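**Q** start.txt is reproduced in full below (compact mmCIF, C-alpha atoms).
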```
# COMPACT_ATOMS: atom_id res chain seq x y z
CA MET A 1 0.00 0.00 0.00
CA THR A 2 1.39 3.39 -0.97
CA ALA A 3 0.00 6.51 0.64
CA SER A 4 -1.38 9.23 -1.59
CA ILE A 5 -2.55 12.77 -1.04
CA ILE A 6 -6.27 12.84 -0.41
CA ALA A 7 -8.66 15.39 -1.85
CA PRO A 8 -7.50 18.87 -0.92
CA ALA A 9 -9.57 21.42 0.90
CA ARG A 10 -9.14 24.38 -1.41
CA ALA A 11 -7.49 27.24 0.45
CA PRO A 12 -4.60 29.52 -0.50
CA VAL A 13 -1.39 28.35 1.18
CA SER A 14 -0.05 31.90 1.04
CA ASN A 15 -2.75 32.97 3.50
CA PRO A 16 -0.66 33.82 6.61
CA PRO A 17 -2.94 31.98 9.09
CA ILE A 18 -2.55 28.81 7.01
CA ARG A 19 1.23 29.03 7.09
CA ARG A 20 1.32 29.83 10.82
CA ALA A 21 -0.94 26.87 11.53
CA ASN A 22 2.16 24.65 11.34
CA ARG A 23 4.95 25.89 13.60
CA LEU A 24 7.76 24.22 11.66
CA LEU A 25 6.72 25.98 8.46
CA ALA A 26 6.19 29.25 10.35
CA ALA A 27 9.83 29.07 11.51
CA LEU A 28 11.10 29.13 7.92
CA SER A 29 12.40 32.35 6.43
CA SER A 30 10.20 33.98 3.82
CA ARG A 31 12.70 32.96 1.15
CA ASP A 32 12.71 29.30 2.17
CA PHE A 33 8.94 29.16 2.51
CA ALA A 34 8.61 30.66 -0.98
CA ILE A 35 10.54 27.65 -2.31
CA LEU A 36 8.01 25.26 -0.79
CA GLU A 37 4.83 27.23 -1.31
CA PRO A 38 4.09 26.26 -4.96
CA HIS A 39 4.25 22.58 -3.98
CA LEU A 40 2.21 22.65 -0.76
CA GLU A 41 -1.35 21.39 -1.00
CA PRO A 42 -4.00 21.91 1.71
CA VAL A 43 -5.67 18.63 2.66
CA VAL A 44 -8.11 17.39 5.28
CA LEU A 45 -6.98 14.30 7.16
CA PRO A 46 -9.77 12.29 8.81
CA ARG A 47 -9.18 10.46 12.07
CA GLY A 48 -7.90 6.94 11.40
CA LYS A 49 -6.35 7.84 8.03
CA VAL A 50 -3.22 5.74 7.48
CA LEU A 51 -0.56 7.96 5.92
CA PHE A 52 1.85 5.10 5.31
CA GLU A 53 2.41 1.50 6.34
CA PRO A 54 5.68 -0.33 7.16
CA GLY A 55 7.61 -0.85 3.94
CA ASP A 56 5.73 1.82 1.97
CA GLU A 57 7.71 4.31 -0.05
CA VAL A 58 7.19 7.64 1.72
CA THR A 59 6.31 9.79 -1.25
CA THR A 60 4.34 12.47 0.63
CA THR A 61 5.22 14.54 3.70
CA TYR A 62 2.43 16.06 5.81
CA PHE A 63 2.55 19.16 8.00
CA PRO A 64 -0.30 18.92 10.54
CA CYS A 65 -2.09 22.23 11.17
CA HIS A 66 -4.06 23.60 14.13
CA ARG A 67 -5.08 20.64 16.36
CA THR A 68 -4.42 17.85 13.82
CA MET A 69 -2.23 15.08 15.23
CA ALA A 70 -0.67 11.88 13.92
CA SER A 71 1.16 9.03 15.60
CA LEU A 72 4.10 6.96 14.47
CA LEU A 73 3.42 3.37 15.49
CA ILE A 74 5.54 0.25 15.64
CA VAL A 75 3.51 -2.74 14.44
CA THR A 76 4.25 -6.26 15.65
CA ARG A 77 3.85 -9.39 13.57
CA ASP A 78 0.54 -10.24 15.25
CA GLY A 79 -0.86 -6.77 14.49
CA ARG A 80 -0.40 -5.09 17.86
CA GLU A 81 0.70 -1.45 17.90
CA VAL A 82 2.69 0.76 20.23
CA GLU A 83 3.25 4.47 19.79
CA ALA A 84 6.78 5.70 19.16
CA ALA A 85 6.05 9.40 18.62
CA THR A 86 3.28 11.99 18.47
CA ILE A 87 3.41 14.70 15.82
CA GLY A 88 1.25 17.79 15.69
CA ARG A 89 1.51 21.35 14.45
CA GLU A 90 5.12 21.58 15.66
CA GLY A 91 6.40 19.10 13.07
CA ALA A 92 5.99 16.96 10.00
CA VAL A 93 5.17 13.36 9.14
CA GLY A 94 7.13 11.72 6.34
CA GLY A 95 10.46 12.31 4.65
CA ILE A 96 12.25 14.28 7.34
CA VAL A 97 15.84 13.18 6.75
CA SER A 98 15.84 10.39 4.15
CA GLU A 99 16.97 10.90 0.59
CA GLY A 100 16.48 8.53 -2.30
CA HIS A 101 14.83 5.23 -1.31
CA LYS A 102 12.50 5.93 1.65
CA PRO A 103 10.75 2.81 2.96
CA ALA A 104 8.72 3.44 6.11
CA PHE A 105 9.68 1.47 9.20
CA GLY A 106 6.42 2.00 11.06
CA ARG A 107 2.83 3.05 10.51
CA ALA A 108 1.65 6.67 10.54
CA VAL A 109 -1.97 7.17 11.57
CA VAL A 110 -4.04 10.32 12.09
CA GLN A 111 -5.28 10.37 15.70
CA VAL A 112 -6.95 13.79 15.75
CA GLY A 113 -8.35 14.69 12.35
CA GLY A 114 -8.15 18.10 10.72
CA ASP A 115 -6.23 20.29 8.31
CA ALA A 116 -2.72 19.66 7.05
CA LEU A 117 -0.39 20.76 4.27
CA ALA A 118 1.00 18.03 2.04
CA ILE A 119 4.04 18.09 -0.22
CA SER A 120 5.84 15.60 -2.40
CA THR A 121 8.84 14.34 -0.41
CA SER A 122 11.02 14.84 -3.49
CA HIS A 123 10.18 18.57 -3.50
CA LEU A 124 10.95 18.77 0.21
CA GLU A 125 14.33 17.14 -0.34
CA ALA A 126 15.13 19.56 -3.14
CA ALA A 127 14.35 22.49 -0.87
CA LYS A 128 16.60 21.12 1.88
CA THR A 129 19.42 20.71 -0.61
CA GLY A 130 18.95 24.25 -1.92
CA SER A 131 19.04 26.02 1.46
CA ALA A 132 21.52 25.32 4.27
CA ARG A 133 19.25 27.04 6.83
CA PHE A 134 16.27 25.01 5.67
CA GLY A 135 18.26 21.78 5.89
CA ASP A 136 19.53 22.69 9.35
CA LEU A 137 16.01 23.32 10.67
CA PHE A 138 14.80 19.91 9.50
CA SER A 139 17.92 18.16 10.81
CA ARG A 140 17.31 19.64 14.26
CA TYR A 141 13.66 18.62 14.07
CA ALA A 142 14.75 15.08 13.19
CA ASP A 143 16.98 15.06 16.29
CA ALA A 144 14.03 16.18 18.44
CA LEU A 145 11.82 13.46 16.95
CA LEU A 146 14.48 10.84 17.64
CA ALA A 147 14.73 12.04 21.25
CA GLN A 148 10.96 11.65 21.63
CA MET A 149 11.17 8.08 20.33
CA MET A 150 14.04 7.22 22.67
CA GLN A 151 12.15 8.66 25.64
CA SER A 152 9.07 6.66 24.65
CA VAL A 153 11.06 3.43 24.88
CA ALA A 154 12.02 4.24 28.48
CA CYS A 155 8.53 5.48 29.32
CA ASN A 156 6.75 2.37 28.05
CA ALA A 157 9.14 0.11 29.94
CA LEU A 158 9.44 1.92 33.26
CA HIS A 159 6.40 4.04 34.05
CA ARG A 160 2.91 3.31 35.26
CA THR A 161 -0.06 3.61 32.90
CA GLU A 162 -1.47 6.52 34.88
CA GLU A 163 1.77 8.49 34.47
CA ARG A 164 2.00 7.67 30.77
CA CYS A 165 -1.64 8.65 30.25
CA ALA A 166 -1.05 12.03 31.92
CA ARG A 167 2.03 12.54 29.73
CA TRP A 168 0.11 11.78 26.54
CA LEU A 169 -2.76 14.07 27.54
CA LEU A 170 -0.28 16.89 28.18
CA ALA A 171 1.37 16.43 24.80
CA THR A 172 -2.04 16.43 23.12
CA HIS A 173 -3.17 19.44 25.12
CA ASP A 174 -0.12 21.39 23.91
CA ARG A 175 -1.16 20.82 20.33
CA ALA A 176 -4.91 21.20 20.77
CA GLY A 177 -4.72 24.96 21.29
CA ASP A 178 -7.44 24.99 23.98
CA LYS A 179 -8.37 23.08 27.13
CA MET A 180 -10.65 20.66 25.27
CA ILE A 181 -8.91 17.68 23.63
CA HIS A 182 -10.89 15.93 20.89
CA LEU A 183 -9.82 12.41 21.68
CA THR A 184 -11.63 9.10 22.08
CA GLN A 185 -10.76 6.55 24.76
CA GLU A 186 -10.17 4.08 21.95
CA SER A 187 -7.45 6.33 20.50
CA LEU A 188 -5.87 6.82 23.89
CA ALA A 189 -5.84 3.06 24.49
CA GLU A 190 -4.14 2.51 21.13
CA MET A 191 -1.46 5.07 21.93
CA LEU A 192 -0.75 3.62 25.35
CA GLY A 193 -0.84 0.03 24.14
CA VAL A 194 -3.43 -1.01 26.74
CA GLN A 195 -7.03 -2.20 26.82
CA ARG A 196 -9.82 0.36 26.65
CA THR A 197 -11.01 -0.77 30.09
CA THR A 198 -7.59 0.21 31.47
CA VAL A 199 -7.91 3.68 29.96
CA THR A 200 -11.40 4.02 31.45
CA ALA A 201 -10.02 3.19 34.88
CA VAL A 202 -6.99 5.48 34.57
CA THR A 203 -8.91 8.48 33.26
CA GLY A 204 -11.43 7.87 36.03
CA VAL A 205 -8.65 8.24 38.59
CA LEU A 206 -7.43 11.47 36.96
CA GLN A 207 -11.00 12.76 36.88
CA ASP A 208 -11.58 11.90 40.55
CA ARG A 209 -8.47 13.96 41.35
CA GLY A 210 -10.00 16.95 39.56
CA LEU A 211 -7.36 17.05 36.82
CA ILE A 212 -9.56 16.27 33.82
CA ARG A 213 -13.21 15.80 32.87
CA THR A 214 -14.12 13.21 30.26
CA HIS A 215 -16.86 13.71 27.71
CA ARG A 216 -17.91 11.56 24.77
CA GLY A 217 -14.97 11.79 22.34
CA ARG A 218 -13.36 14.63 24.32
CA VAL A 219 -11.20 15.21 27.36
CA GLU A 220 -11.27 18.56 29.16
CA VAL A 221 -8.15 19.61 31.08
CA LEU A 222 -9.21 21.23 34.36
CA ASP A 223 -5.91 21.43 36.25
CA ARG A 224 -2.90 21.67 33.97
CA PRO A 225 -0.26 22.03 36.75
CA GLY A 226 -1.79 19.07 38.55
CA LEU A 227 -1.71 16.99 35.37
CA GLU A 228 1.98 17.84 34.94
CA ARG A 229 2.65 16.62 38.48
CA ALA A 230 0.78 13.39 37.71
CA ALA A 231 2.84 12.74 34.57
CA CYS A 232 6.17 10.97 34.50
CA GLU A 233 9.42 12.85 33.94
CA CYS A 234 9.31 11.98 30.22
CA TYR A 235 6.94 14.80 29.30
CA ARG A 236 9.21 17.56 30.61
CA ALA A 237 12.37 15.87 29.30
CA VAL A 238 11.03 15.76 25.73
CA GLU A 239 9.60 19.28 25.81
CA ASP A 240 12.77 20.82 27.26
CA HIS A 241 14.94 19.08 24.67
CA PHE A 242 12.66 20.26 21.85
CA THR A 243 12.91 23.86 23.12
CA ARG A 244 16.72 23.67 23.28
CA LEU A 245 16.99 22.25 19.77
CA LEU A 246 14.29 24.37 18.12
CA PRO A 247 13.79 27.60 20.06
CA GLU A 248 12.20 29.21 17.02
CA VAL A 249 9.45 26.56 16.81
CA ASP A 250 6.71 27.32 19.32
CA VAL A 251 4.61 24.24 20.14
```
In structure tokens, what does this structure look like?
**A**
Amino acid sequence: MTASIIAPARAPVSNPPIRRANRLLAALSSRDFAILEPHLEPVVLPRGKVLFEPGDEVTTTYFPCHRTMASLLIVTRDGREVEAATIGREGAVGGIVSEGHKPAFGRAVVQVGGDALAISTSHLEAAKTGSARFGDLFSRYADALLAQMMQSVACNALHRTEERCARWLLATHDRAGDKMIHLTQESLAEMLGVQRTTVTAVTGVLQDRGLIRTHRGRVEVLDRPGLERAACECYRAVEDHFTRLLPEVDV
């Protein structure tokens, strides 16, 4: 299966709010963005959309906008999934560093649907080659993404489900842009690699502590500082590293 760009939602990319909707693109200089702009295509990504599967050639790179979020998943032989990274408006999904042959190692799935900007990975590579500053920005983003994956390995192995759930809610809250997270318990269970009943129990504990309020398909953050205290150290470690590497990219 090879991913393809889905039907675009017609909107001018040059519209400043559209460009600012993805923080990585907003951090580009006007000159570097002008190189990309003719090749960027606005698209709408529905929840559950698979952007690529393991082994697929990654021909398209997506820049999530606004509250849109995707997950990079490792898929086992028996079909089980575990999340390796979460990507929202601060980043991109697809050909970040690879050149030439680009087979995907994992699966990329849209967890929170919404707007994105799509570009042929070949055009993205050409832009990186043509601008040292552009290439440097994406190299630093790749380092930040790798750090998130490394931290996820430690987090999944060492920390309790409640701590990991709080961490994931914080990361999603950062990208949502408001206190309401549009997220189903099914999605949260998939990201944590646990049963839905486990997520129900864990979110119930967080709700009883007054940190969140669950609604159908949504989670409302009531006490952000309290949720940060409930999370494991991984949330702050990843965010601090991202800020050090990419101070110009505001999550």
**Q** Range 235-245 of chain A: which residues within 9 Å, counting all atoms listed in the file, same-chain residues fewer than 2 positions away excluded, as a list in words?
**A**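 Near neighbours after the sequence-gap exclusion: Arg140, Tyr141, Asp143, Ala144, Leu145, Ala147, Gln148, Gln151, Arg164, Ala166, Arg167, Trp168, Leu170, Ala171, Glu228, Ala231, Cys232, Glu233, Pro247, Glu248, Val249, Asp250 and Val251 of chain A.
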**Q** As a PyMOL selection string, please: the residues near Asp115 in chain A (cut-off 7 Å, all atoms listed in the file, same-chain neighbours under 2 positions excluded).
**A** chain A and resi 43-45+64-65+68
**Q** Taking all atoms listed in the file into account, which of A:His215, A:Arg209, A:His182, A:Lys102 comes nearest Thr121 in chain A?
**A**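 For Thr121 in chain A, the nearest of the given residues is A:Lys102.
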**Q** Env of Leu51 in chain A: 12 Å cut, atoms = only C-alpha atoms, seq-sep filter 2 positions within chain, self excluded. Answer as a short mmCIF file (atom, residue, chain, number, x, y, z; two decimals) with C-alpha atoms, in the coordinates of the input.
**A**
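The resulting selection_1.cif:
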```cif
data_model
loop_
_atom_site.label_atom_id
_atom_site.label_comp_id
_atom_site.auth_asym_id
_atom_site.auth_seq_id
_atom_site.Cartn_x
_atom_site.Cartn_y
_atom_site.Cartn_z
CA MET A 1 0.00 0.00 0.00
CA THR A 2 1.39 3.39 -0.97
CA ALA A 3 0.00 6.51 0.64
CA SER A 4 -1.38 9.23 -1.59
CA ILE A 5 -2.55 12.77 -1.04
CA ILE A 6 -6.27 12.84 -0.41
CA LEU A 45 -6.98 14.30 7.16
CA PRO A 46 -9.77 12.29 8.81
CA ARG A 47 -9.18 10.46 12.07
CA GLY A 48 -7.90 6.94 11.40
CA LYS A 49 -6.35 7.84 8.03
CA GLU A 53 2.41 1.50 6.34
CA PRO A 54 5.68 -0.33 7.16
CA ASP A 56 5.73 1.82 1.97
CA GLU A 57 7.71 4.31 -0.05
CA VAL A 58 7.19 7.64 1.72
CA THR A 59 6.31 9.79 -1.25
CA THR A 60 4.34 12.47 0.63
CA THR A 61 5.22 14.54 3.70
CA TYR A 62 2.43 16.06 5.81
CA PHE A 63 2.55 19.16 8.00
CA PRO A 64 -0.30 18.92 10.54
CA MET A 69 -2.23 15.08 15.23
CA ALA A 70 -0.67 11.88 13.92
CA SER A 71 1.16 9.03 15.60
CA LEU A 72 4.10 6.96 14.47
CA LEU A 73 3.42 3.37 15.49
CA ALA A 92 5.99 16.96 10.00
CA VAL A 93 5.17 13.36 9.14
CA GLY A 94 7.13 11.72 6.34
CA GLY A 95 10.46 12.31 4.65
CA ALA A 104 8.72 3.44 6.11
CA GLY A 106 6.42 2.00 11.06
CA ARG A 107 2.83 3.05 10.51
CA ALA A 108 1.65 6.67 10.54
CA VAL A 109 -1.97 7.17 11.57
CA VAL A 110 -4.04 10.32 12.09
CA GLN A 111 -5.28 10.37 15.70
CA ALA A 116 -2.72 19.66 7.05
CA ALA A 118 1.00 18.03 2.04
#
```
**Q** Between CA of Glu162 in chain A and CA of Gly88 in chain A, what distance in Å does the model show, to one decimal?
**A**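 Answer for the CA of Glu162 in chain A to CA of Gly88 in chain A separation: 22.4 Å.
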